[in-house]
Protein chains: 8
Amino acid sequence: MDREQLAALLAAVQSGTCPVDEALLRLRTMPYEDLGFAKIDHHRALRNGFPEVVLGEGKRAEQVIAIAERMAATGGNVLITRLDAVAAERLRAAVPGFAYHDVPRLAVRRARPVKIVGRGTVLVVSAGTADLPVAEEAAVVAEMMGNTVDRLYDVGVAGLHRLLEQRDRLWAAAVLIVVAGMEGALPSVVGGLVERPVIAVPTSVGYGTSLGGLAALLGMLNTCAAGVVVVNIDNGFGAAAAASRMNRDSA
Amino acid sequence: MDREQLAALLAAVQSGTCPVDEALLRLRTMPYEDLGFAKIDHHRALRNGFPEVVLGEGKRAEQVIAIAERMAATGGNVLITRLDAVAAERLRAAVPGFAYHDVPRLAVRRARPVKIVGRGTVLVVSAGTADLPVAEEAAVVAEMMGNTVDRLYDVGVAGLHRLLEQRDRLWAAAVLIVVAGMEGALPSVVGGLVERPVIAVPTSVGYGTSLGGLAALLGMLNTCAAGVVVVNIDNGFGAAAAASRMNRDSA
Amino acid sequence: MDREQLAALLAAVQSGTCPVDEALLRLRTMPYEDLGFAKIDHHRALRNGFPEVVLGEGKRAEQVIAIAERMAATGGNVLITRLDAVAAERLRAAVPGFAYHDVPRLAVRRARPVKIVGRGTVLVVSAGTADLPVAEEAAVVAEMMGNTVDRLYDVGVAGLHRLLEQRDRLWAAAVLIVVAGMEGALPSVVGGLVERPVIAVPTSVGYGTSLGGLAALLGMLNTCAAGVVVVNIDNGFGAAAAASRMNRDSA
Amino acid sequence: MDREQLAALLAAVQSGTCPVDEALLRLRTMPYEDLGFAKIDHHRALRNGFPEVVLGEGKRAEQVIAIAERMAATGGNVLITRLDAVAAERLRAAVPGFAYHDVPRLAVRRARPVKIVGRGTVLVVSAGTADLPVAEEAAVVAEMMGNTVDRLYDVGVAGLHRLLEQRDRLWAAAVLIVVAGMEGALPSVVGGLVERPVIAVPTSVGYGTSLGGLAALLGMLNTCAAGVVVVNIDNGFGAAAAASRMNRDSA
Amino acid sequence: MDREQLAALLAAVQSGTCPVDEALLRLRTMPYEDLGFAKIDHHRALRNGFPEVVLGEGKRAEQVIAIAERMAATGGNVLITRLDAVAAERLRAAVPGFAYHDVPRLAVRRARPVKIVGRGTVLVVSAGTADLPVAEEAAVVAEMMGNTVDRLYDVGVAGLHRLLEQRDRLWAAAVLIVVAGMEGALPSVVGGLVERPVIAVPTSVGYGTSLGGLAALLGMLNTCAAGVVVVNIDNGFGAAAAASRMNRDSA
Amino acid sequence: MDREQLAALLAAVQSGTCPVDEALLRLRTMPYEDLGFAKIDHHRALRNGFPEVVLGEGKRAEQVIAIAERMAATGGNVLITRLDAVAAERLRAAVPGFAYHDVPRLAVRRARPVKIVGRGTVLVVSAGTADLPVAEEAAVVAEMMGNTVDRLYDVGVAGLHRLLEQRDRLWAAAVLIVVAGMEGALPSVVGGLVERPVIAVPTSVGYGTSLGGLAALLGMLNTCAAGVVVVNIDNGFGAAAAASRMNRDSA
Amino acid sequence: MDREQLAALLAAVQSGTCPVDEALLRLRTMPYEDLGFAKIDHHRALRNGFPEVVLGEGKRAEQVIAIAERMAATGGNVLITRLDAVAAERLRAAVPGFAYHDVPRLAVRRARPVKIVGRGTVLVVSAGTADLPVAEEAAVVAEMMGNTVDRLYDVGVAGLHRLLEQRDRLWAAAVLIVVAGMEGALPSVVGGLVERPVIAVPTSVGYGTSLGGLAALLGMLNTCAAGVVVVNIDNGFGAAAAASRMNRDSA
Amino acid sequence: MDREQLAALLAAVQSGTCPVDEALLRLRTMPYEDLGFAKIDHHRALRNGFPEVVLGEGKRAEQVIAIAERMAATGGNVLITRLDAVAAERLRAAVPGFAYHDVPRLAVRRARPVKIVGRGTVLVVSAGTADLPVAEEAAVVAEMMGNTVDRLYDVGVAGLHRLLEQRDRLWAAAVLIVVAGMEGALPSVVGGLVERPVIAVPTSVGYGTSLGGLAALLGMLNTCAAGVVVVNIDNGFGAAAAASRMNRDSA
């Protein structure tokens with residue numbers, strides 16, 4: 001279903017020819033654009049105002065560019081995650097309108113202003129300076145998905161007073177994303193301090209028995225704070241997407 | 001802080017002697033009841049209407065009973081998870097008012113009617129019949145925490161039509177808890193069908209390379225559906241607690 | 001046994017001096033060409049029309065070239081897998097007739113047209129764009145082994161409608177190779193939709209807990225779809241060889 | 001869709017009211033019988049003559065019995081895997097017609113003679129005496145699924161002459177299921193001797209570093225014999241189901 | 001070297017015949033009592049007033065009894081760790097003077113009053129009620145080794161106020177043993193609050209991804225609190241021995 | 001080939017009809033006795049005077065008895081490893097002549113005196129009392145295979161003087177089997193003290209991070225003593241078989 | 001709290017306005033300097049004379065420099081661990097006063113003479129030459145933290161006489177740090193020879209099954225020498241911090 | 001003890017002043033040369049004619065050179081393992097007399113002819129071409145240690161006839177080193193064909209689930225061929241040292 005078909009469908013809804021229910025069903029299952037090596041679902045972004053998203057890792061620069069071109073053509077916002085600096089340079093040369101955040105390795109195309117749709121603030125908390133790339137991925141993606149974002153960094157559990165002094169900001173958040181490497185204990189502590197949803201993000205920060213983030217992940221899965229949930233190691237993007245699901249009113 | 005102290009505090013709030021903010025702060029950090037081998041935080045339950053919760057696993061029957069007695073004395077609801085049938089029998093003999101759910105191994109004391117505080121329905125979805133104990137733990141706990149709960153069982157991905165026929169129930173839920181063992185693929189499929197929060201619960205159902213649920217857990221952590229979050233293996237309780245965090249208005 | 005010996009044997013069969021059974025036995029166990037560091041079995045390829053195959057990985061370029069030269073000398077087709085671009089360049093300079101597929105890192109020498117010996121179509125299905133190198137290895141190798149090959153790419157389970165729309169192509173295949181990284185759920189879904197053999201290929205696509213493809217592998221081994229079989233991570237070649245075994249009439 | 005509905009559908013096909021294509025589509029996606037805790041797909045068995053199958057492990061005896069009753073009511077064959085002897089006793093008392101194989105822990109109800117639909121023989125090869133339960137699960141299930149089955153047991157690679165003497169039986173098979181614990185080397189050797197599909201089944205036989213069958217599984221996944229495929233540890237059932245997919249003409 | 005030889009040696013020191021240095025060397029390397037299946041070093045206990053220690057786990061009851069008899073014969077204190085209740089009953093019947101602590105599974109023979117040799121207090125801190133067996137093993141063993149012991153139990157990180165209220169007791173300790181299962185975060189928090197040695201003891205309390213205590217262990221090894229040290233899972237004995245090494249003046 | 005055939009063959013050798021080389025070849029590859037579920041190679045034992053060996057673990061008592069009966073019928077010695085006490089009782093009732101060693105769980109039938117064929121002494125060294133079952137399995141098996149065996153037990157590395165005092169016995173051995181659990185350090189120390197072959201046997205003695213003997217195994221594989229070799233965890237039998245290979249003159 | 005505030009506090013103590021206890025409390029919990037991406041706790045170093053410490057790994061050079069500048073401004077000593085040579089070069093150009101130790105990859109700024117506060121000598125023992133970077137990290141850090149340090153290198157257990165000859169130095173130490181890779185057996189041997197605290201540091205030295213130091217770590221955690229404690233792989237810094245905690249009088 | 005001291009000792013033996021036993025004891029425990037970062041045991045090589053050996057991996061080039069210089073000064077043969085080409089170049093420039101084998105990465109200094117001291121032939125068998133570096137390390141080291149060495153390469157189990165044709169060479173060997181990656185099945189097959197010692201060497205050849213050689217290692221440890229022993233992954237050196245221990249007459 002291309003944009004014309006979509007426009008026709010919406011016109012039919014407007015005129016009453018097509019009932020809302022039927023249109024909704026068609027929109028949820030309508031086709032995609034097929035590039036052969038990739039199939040792009042424009043409708044999800046069109047429907048909910050989200051940016052279109054590409055996982056840059058594991059794709060060749062020319063594949064990323066081809067997909068980004070098609071997405072840019074729809075006029076919406078585009079977000080490319082885990083894109084290295086070299087590929088980002090090639091992308092920016094090929095498709096106008098992209099900015100590159102080098103710490104979280106995100107390429108972002110803001111074609112339209114982002115509309116705030118979240119009910120409250122998403123607070124991104126991180127344990128150490130080395131967790132910044134993941135924390136920033138979560139923060140920037142959450143912003144692009146229509147959330148108000150606050151940041152609280154370098155408040156690891158070995159210096160508890162740093163965190164406790166910021167209790168008010170913890171209590172003010174609607175959803176919390178807590179990013180930590182090494183032993184991954186911060187979400188347990190935060191989860192015990194607040195009653196709102198807490199999304200734990202383990203990072204690969206550490207060495208030796210950190211096992212590339214597995215130690216932090218296991219710590220978070222075994223949290224003694226009831227109701228803390230977890231995403232994959234270094235998955236700041238996934239945490240932001242989850243926070244957006246939680247921070248929105250029902251679709 | 002015992003119940004009298006609590007009453008006094010609340011009276012002070014009522015009379016205006018103690019400002020709400022100060023009372024809130026005291027409530028969040030007030031002391032606990034100390035049994036020597038255990039310290040009980042009654043205030044959390046008192047404040048938010050939640051049941052008081054005990055993890056039965058790893059505790060001796062006499063410890064469970066001692067804690068349950070103190071909790072029952074407050075007059076609130078009590079929930080004891082992962083309690084085997086033998087210990088449950090002893091508990092019921094010692095402390096009146098407990099019912100025992102043998103599939104999810106839950107002892108429940110409903111001293112007060114549970115007030116529905118969740119904004120929408122929590123839907124518990126499970127992949128197979130063997131996942132029932134975990135799914136039921138999630139469902140009963142979510143009910144006890146004030147949520148309306150719906151159940152959709154035995155809809156694993158190898159028989160996709162069973163799931164797709166129930167799309168309406170998936171779309172109607174405010175929060176989804178998706179329980180699966182073996183390859184743990186169901187949350188990815190559900191996460192692609194809905195836009196609401198999806199909490200994936202891996203179970204230890206399986207054999208050989210299921211590795212006691214690690215295969216399902218890894219599948220869920222690596223989901224290609226953006227924004228699916230995960231809890232520990234067999235942790236139906238944690239999923240329900242997380243769903244309650246998500247399904248409530250800000251505290 | 002060199003080519004002359006082979007010719008003599010076949011002549012003996014033709015003339016009736018050597019019974020077919022005895023010739024078959026000798027062919028199955030006849031010697032190989034010995035390069036010292038490698039021993040080459042030409043007869044397998046001669047007998048069944050398969051290409052001669054070399055695993056490029058772990059061999060030095062000069063070793064690959066020496067083996068490829070001896071194979072090319074037999075006049076049959078040659079397939080070199082997991083060969084990096086630099087070694088491929090050296091190979092092409094040293095031994096004429098090789099083409100290089102850079103996505104699947106395959107060097108292919110088509111000295112003879114490939115005869116279709118498979119009974120039906122081998123369909124290669126992949127979950128994401130990043131799985132392409134493995135999917136293409138499977139597809140090209142399956143073609144070289146005498147199968148008609150169809151491709152269906154980027155139909156991961158988080159966007160189920162993409163896959164379901166192609167049900168006819170799934171049902172039309174004689175053997176299916178299903179390639180997926182991350183949670184590796186696609187083979188379970190496909191295995192539930194078709195009744196033909198399904199070969200699952202986990203890829204190392206992913207990060208963190210994907211553990212270099214182990215998460216996908218475990219998912220596939222624990223599939224709830226009865227009768228799905230699995231090969232090593234990233235082993236597109238092995239999947240194609242297995243599909244060829246399944247797609248042929250008994251030897 | 002119950003049996004009457006099915007009969008009506010088939011009558012419609014016969015009379016030409018319903019085109020074959022449409023009937024096929026309905027049959028593939030028609031509903032199931034819902035027991036609440038389980039959903040039973042009778043149509044798969046009805047359509048292809050397969051037995052209906054239940055995984056006994058992880059289900060309570062009363063659940064197994066309830067499902068078995070519904071399946072027996074359709075008049076088809078029923079196969080219950082991984083059922084312990086105690087549950088089998090209760091099943092046999094509750095639902096008439098079941099025989100119990102104690103080595104492979106299979107309960108089998110042969111209501112109708114099994115029709116041979118496989119093109120050739122499925123040969124089950126095992127490495128040691130302790131692998132028998134898994135080998136027999138594969139053999140009995142393959143028979144129930146309509147295959148002619150041959151058995152070749154206790155031919156592990158440390159006594160190679162035992163295997164080599166049986167080369168004719170290896171060559172005569174259409175599909176081979178090779179069962180081995182410990183180092184799991186047998187499928188590599190068999191895979192090098194035959195050109196037909198080889199399904200490797202690791203078993204949990206062994207101790208110490210066998211790691212419950214992981215050593216054997218890893219050995220099989222890393223086989224140097226091209227085209228050997230693998231199923232989960234101890235998964236004789238899955239191997240038989242895979243062999244049946246391979247041994248049948250296209251559906 | 002038996003007790004007479006030892007007495008003779010000490011007499012020689014007293015009389016000046018044997019220089020202190022030489023006596024010290026002989027004492028450090030003198031022989032042991034040989035039971036065939038076990039060799040007992042009495043001199044270590046004789047020299048430093050420690051109890052003699054036997055690891056009960058993995059030994060048959062008759063072996064434990066035989067060793068305990070020989071140790072009791074020296075008239076010193078004896079400590080048997082990880083002894084199950086049945087073996088303890090047999091031991092108490094065979095060798096007089098043993099008391100049995102069933103929570104930490106310790107058999108203790110106090111033949112002489114324990115002399116306090118530690119410079120300060122050893123504080124045993126535990127996260128949850130289920131950690132009690134390990135915490136008590138550490139506490140009782142530390143007492144038997146001549147330390148003043150204090151206990152602070154059930155102060156896990158999800159209820160931080162319980163711990164923070166006890167800061168004075170944390171600061172008063174000379175050495176801290178911190179026992180925790182699940183995510184094992186407590187030693188990081190304690191290690192950030194105090195400057196004295198902190199010995200972290202992971203326990204096997206937990207389920208699923210706690211992996212029998214590995215999650216807690218990894219958390220402790222990756223602590224962000226500088227200078228926290230770790231012992232094996234459930235090794236309360238080892239923690240007490242380490243604390244004794246730290247709490248004593250140089251030998 | 002049954003015993004008569006074997007006798008005929010040997011007669012032919014004696015008379016000169018059959019050259020020694022040909023007889024040797026036939027003996028190495030001659031057939032076995034087939035019980036259906038097991039195939040017994042009598043010739044190996046007949047040829048080299050070894051006992052016939054059965055791995056008891058994983059076999060049913062009736063299978064063990066059936067095999068033992070056939071072996072006893074040949075009149076040679078028989079060794080059944082890893083046989084539990086209950087099965088041993090049934091075996092002794094069914095097949096006369098078996099003695100049972102309960103520590104190493106070995107059933108032994110000494111029909112003929114064992115002839116010493118080893119060149120020197122095999123010394124079995126063990127680290128702790130709990131390692132005895134494995135050490136004794138190695139010692140008894142080595143004796144049954146024709147070696148002179150010496151034992152040196154409970155000489156773990158934490159009490160080095162116990163080991164160093166026995167240096168002469170270490171230096172006198174032709175082959176050393178070193179058995180240790182926990183950290184598995186003893187073979188490194190022994191390997192540095194002697195120049196003869198050292199076979200390291202890790203045991204599953206330990207808890208927590210001993211991981212069922214994996215810690216000891218890894219320690220032994222990473223030994224800094226050049227030329228120490230390793231067998232599977234708890235594999236006393238394998239160590240004895242290896243020692244016998246090393247202690248014999250070439251076959 | 002900046003330096004002026006700190007000075008005022010101390011003046012208040014001096015004048016008697018502020019009681020010592022209250023000042024101590026404020027010092028323990030006083031604020032930090034906030035750089036946005038990092039929060040610096042100057043007070044810990046100010047209070048106990050320790051250097052301020054930064055973990056270089058995982059931080060960008062510009063972040064390290066920014067932090068180092070702020071620390072240098074306090075006039076105390078600064079220690080930056082795990083800093084690669086390139087970043088060290090940039091640091092030295094930007095912030096004067098740093099020396100770089102390339103073996104342990106430490107940047108050290110000695111603004112003030114280090115005052116010896118430890119009661120005895122910290123002895124760093126290492127098993128092999130390749131363990132030097134970790135051993136030197138421990139040694140240099142321990143010196144910077146006010147300990148007298150002695151070194152004993154290349155005394156692995158395969159050449160025991162090297163170690164035993166140095167028994168006097170082992171016995172003379174107040175705290176021992178024992179560094180070893182491969183099988184990690186050295187701490188067990190040393191722990192059996194001395195009665196003072198032994199801190200085991202596994203290193204990632206080794207290959208294959210050393211698993212990046214896990215083999216050594218497991219060996220150390222499973223030590224049979226009672227009271228040996230362990231830190232993370234390659235964590236020379238942590239060992240030195242732990243040794244300092246043990247070697248000081250109570251704070 | 002330097003060379004002069006050694007000469008004096010031997011002269012004393014010759015003259016009868018020093019009994020042989022005492023000289024032997026002194027030789028076994030005599031001191032070493034101390035370079036600070038390394039301690040060199042010359043006597044082992046002097047005594048048994050072995051080369052002096054250095055593990056190059058993990059050492060800096062300047063450390064390797066310093067050690068090699070000291071060793072060369074003794075006039076004996078020197079062997080440096082796991083030395084990369086760049087360091088080898090520097091070594092050859094600094095210390096004359098070294099040859100470099102680039103496949104096994106060995107630097108060898110043959111100052112004296114190697115005397116054959118082994119009783120029979122050491123046969124190195126390898127499974128594939130990619131295993132050559134490890135196989136050659138074993139072969140060259142075994143030669144340097146005084147063994148006659150034979151090589152049999154590229155005889156993996158998927159082409160069994162290649163191996164079986166060489167049975168005579170297998171039977172002729174006194175000790176066999178069997179090198180294999182991937183599934184590591186070759187030692188099981190060889191171990192079943194011969195009765196002499198078999199040393200299995202797993203290699204890191206493979207990908208995906210080969211897990212850097214762990215799959216091959218596990219296969220070898222779980223071998224069904226009694227008496228096969230194993231060394232660390234890629235440890236050709238260790239295999240050669242073990243073979244030398246086995247191939248020599250008692251010291």
# chains A, B, ... in the order shown; residues from 1 in each chain; ligands from 1

call {"tool": "residues_around", "arguments": {"residues": "Ile80 (chain G)", "least_positions_apart": "3", "cutoff": "7 Å", "atoms": "only C-alpha atoms", "output": "ChimeraX atom specification"}}
result
/G:53-56,83,106-108

call {"tool": "select_by_dssp", "arguments": {"residues": "region 15-240 of chain D", "states": "alpha helix (DSSP H)", "output": "ChimeraX atom specification"}}
result
/D:15,20-29,42-48,61-72,85-94,132-144,160-164,167-172,186-193,214-221,236-240

call {"tool": "interface_residues", "arguments": {"of": "chain H", "to": "chain C", "cutoff": "6 Å", "atoms": "only C-alpha atoms", "output": "VMD selection string"}}
result
chain H and resid 129 to 130 154 208

call {"tool": "atom_distance", "arguments": {"atom1": "CA of Leu152 (chain G)", "atom2": "CA of Ala66 (chain H)"}}
result
18.9 Å

call {"tool": "select_by_dssp", "arguments": {"residues": "region 28-212 of chain F", "states": "strand (DSSP E or B)", "output": "count of residues only"}}
result
42

call {"tool": "residues_around", "arguments": {"residues": "Ala111 (chain G)", "least_positions_apart": "2", "cutoff": "6 Å", "atoms": "only C-alpha atoms", "output": "list in words"}}
result
Gly76, Asn77 and Arg109 of chain G

call {"tool": "decode", "arguments": {"residues": "region 127-156 of chain G", "atoms": "N, CA and C atoms", "output": "PDB file, in the first residue's frame"}}
result
ATOM      1  N   ALA G 127      52.633 -15.411  39.559  1.00  0.00           N
ATOM      2  CA  ALA G 127      52.988 -16.749  39.094  1.00  0.00           C
ATOM      3  C   ALA G 127      53.900 -16.731  37.879  1.00  0.00           C
ATOM      4  N   GLY G 128      53.636 -15.809  36.928  1.00  0.00           N
ATOM      5  CA  GLY G 128      54.434 -15.829  35.709  1.00  0.00           C
ATOM      6  C   GLY G 128      54.738 -14.437  35.200  1.00  0.00           C
ATOM      7  N   THR G 129      55.648 -14.362  34.243  1.00  0.00           N
ATOM      8  CA  THR G 129      56.031 -13.079  33.673  1.00  0.00           C
ATOM      9  C   THR G 129      54.855 -12.375  33.029  1.00  0.00           C
ATOM     10  N   ALA G 130      53.961 -13.138  32.411  1.00  0.00           N
ATOM     11  CA  ALA G 130      52.834 -12.518  31.729  1.00  0.00           C
ATOM     12  C   ALA G 130      51.820 -11.913  32.686  1.00  0.00           C
ATOM     13  N   ASP G 131      51.917 -12.225  33.966  1.00  0.00           N
ATOM     14  CA  ASP G 131      51.008 -11.636  34.956  1.00  0.00           C
ATOM     15  C   ASP G 131      51.486 -10.268  35.434  1.00  0.00           C
ATOM     16  N   LEU G 132      52.639  -9.820  34.939  1.00  0.00           N
ATOM     17  CA  LEU G 132      53.243  -8.589  35.421  1.00  0.00           C
ATOM     18  C   LEU G 132      52.334  -7.366  35.367  1.00  0.00           C
ATOM     19  N   PRO G 133      51.606  -7.117  34.269  1.00  0.00           N
ATOM     20  CA  PRO G 133      50.783  -5.900  34.251  1.00  0.00           C
ATOM     21  C   PRO G 133      49.821  -5.832  35.430  1.00  0.00           C
ATOM     22  N   VAL G 134      49.208  -6.946  35.770  1.00  0.00           N
ATOM     23  CA  VAL G 134      48.255  -6.938  36.882  1.00  0.00           C
ATOM     24  C   VAL G 134      48.987  -6.815  38.212  1.00  0.00           C
ATOM     25  N   ALA G 135      50.087  -7.537  38.351  1.00  0.00           N
ATOM     26  CA  ALA G 135      50.854  -7.462  39.598  1.00  0.00           C
ATOM     27  C   ALA G 135      51.377  -6.049  39.837  1.00  0.00           C
ATOM     28  N   GLU G 136      51.849  -5.419  38.783  1.00  0.00           N
ATOM     29  CA  GLU G 136      52.366  -4.055  38.933  1.00  0.00           C
ATOM     30  C   GLU G 136      51.253  -3.059  39.215  1.00  0.00           C
ATOM     31  N   GLU G 137      50.065  -3.277  38.619  1.00  0.00           N
ATOM     32  CA  GLU G 137      48.938  -2.405  38.963  1.00  0.00           C
ATOM     33  C   GLU G 137      48.678  -2.488  40.460  1.00  0.00           C
ATOM     34  N   ALA G 138      48.650  -3.706  40.971  1.00  0.00           N
ATOM     35  CA  ALA G 138      48.415  -3.876  42.405  1.00  0.00           C
ATOM     36  C   ALA G 138      49.520  -3.200  43.224  1.00  0.00           C
ATOM     37  N   ALA G 139      50.763  -3.394  42.811  1.00  0.00           N
ATOM     38  CA  ALA G 139      51.891  -2.888  43.595  1.00  0.00           C
ATOM     39  C   ALA G 139      51.920  -1.355  43.612  1.00  0.00           C
ATOM     40  N   VAL G 140      51.777  -0.757  42.452  1.00  0.00           N
ATOM     41  CA  VAL G 140      51.848   0.707  42.380  1.00  0.00           C
ATOM     42  C   VAL G 140      50.665   1.338  43.106  1.00  0.00           C
ATOM     43  N   VAL G 141      49.474   0.773  42.908  1.00  0.00           N
ATOM     44  CA  VAL G 141      48.301   1.331  43.591  1.00  0.00           C
ATOM     45  C   VAL G 141      48.451   1.195  45.108  1.00  0.00           C
ATOM     46  N   ALA G 142      48.933   0.048  45.560  1.00  0.00           N
ATOM     47  CA  ALA G 142      49.107  -0.138  47.011  1.00  0.00           C
ATOM     48  C   ALA G 142      50.097   0.877  47.569  1.00  0.00           C
ATOM     49  N   GLU G 143      51.159   1.153  46.819  1.00  0.00           N
ATOM     50  CA  GLU G 143      52.101   2.182  47.255  1.00  0.00           C
ATOM     51  C   GLU G 143      51.431   3.544  47.348  1.00  0.00           C
ATOM     52  N   MET G 144      50.663   3.874  46.330  1.00  0.00           N
ATOM     53  CA  MET G 144      49.986   5.178  46.317  1.00  0.00           C
ATOM     54  C   MET G 144      48.980   5.297  47.464  1.00  0.00           C
ATOM     55  N   MET G 145      48.499   4.178  47.956  1.00  0.00           N
ATOM     56  CA  MET G 145      47.517   4.207  49.046  1.00  0.00           C
ATOM     57  C   MET G 145      48.180   4.126  50.420  1.00  0.00           C
ATOM     58  N   GLY G 146      49.518   4.250  50.454  1.00  0.00           N
ATOM     59  CA  GLY G 146      50.180   4.386  51.739  1.00  0.00           C
ATOM     60  C   GLY G 146      50.699   3.102  52.353  1.00  0.00           C
ATOM     61  N   ASN G 147      50.958   2.111  51.515  1.00  0.00           N
ATOM     62  CA  ASN G 147      51.488   0.855  52.018  1.00  0.00           C
ATOM     63  C   ASN G 147      52.938   0.658  51.596  1.00  0.00           C
ATOM     64  N   THR G 148      53.728   0.018  52.435  1.00  0.00           N
ATOM     65  CA  THR G 148      55.034  -0.479  52.029  1.00  0.00           C
ATOM     66  C   THR G 148      54.804  -1.746  51.225  1.00  0.00           C
ATOM     67  N   VAL G 149      55.432  -1.821  50.068  1.00  0.00           N
ATOM     68  CA  VAL G 149      55.142  -2.914  49.148  1.00  0.00           C
ATOM     69  C   VAL G 149      56.402  -3.698  48.831  1.00  0.00           C
ATOM     70  N   ASP G 150      56.287  -5.006  48.831  1.00  0.00           N
ATOM     71  CA  ASP G 150      57.373  -5.890  48.415  1.00  0.00           C
ATOM     72  C   ASP G 150      56.864  -6.727  47.246  1.00  0.00           C
ATOM     73  N   ARG G 151      57.771  -7.175  46.345  1.00  0.00           N
ATOM     74  CA  ARG G 151      57.364  -7.933  45.157  1.00  0.00           C
ATOM     75  C   ARG G 151      58.098  -9.265  45.082  1.00  0.00           C
ATOM     76  N   LEU G 152      57.382 -10.317  44.714  1.00  0.00           N
ATOM     77  CA  LEU G 152      57.975 -11.639  44.520  1.00  0.00           C
ATOM     78  C   LEU G 152      57.342 -12.239  43.268  1.00  0.00           C
ATOM     79  N   TYR G 153      58.104 -12.196  42.129  1.00  0.00           N
ATOM     80  CA  TYR G 153      57.487 -12.521  40.841  1.00  0.00           C
ATOM     81  C   TYR G 153      58.022 -13.830  40.248  1.00  0.00           C
ATOM     82  N   ASP G 154      57.177 -14.450  39.389  1.00  0.00           N
ATOM     83  CA  ASP G 154      57.543 -15.644  38.609  1.00  0.00           C
ATOM     84  C   ASP G 154      57.844 -16.845  39.515  1.00  0.00           C
ATOM     85  N   VAL G 155      56.926 -17.110  40.427  1.00  0.00           N
ATOM     86  CA  VAL G 155      57.102 -18.234  41.345  1.00  0.00           C
ATOM     87  C   VAL G 155      55.911 -19.214  41.242  1.00  0.00           C
ATOM     88  N   GLY G 156      55.560 -19.556  40.007  1.00  0.00           N
ATOM     89  CA  GLY G 156      54.412 -20.435  39.766  1.00  0.00           C
ATOM     90  C   GLY G 156      54.587 -21.822  40.366  1.00  0.00           C
TER      91      GLY G 156
END
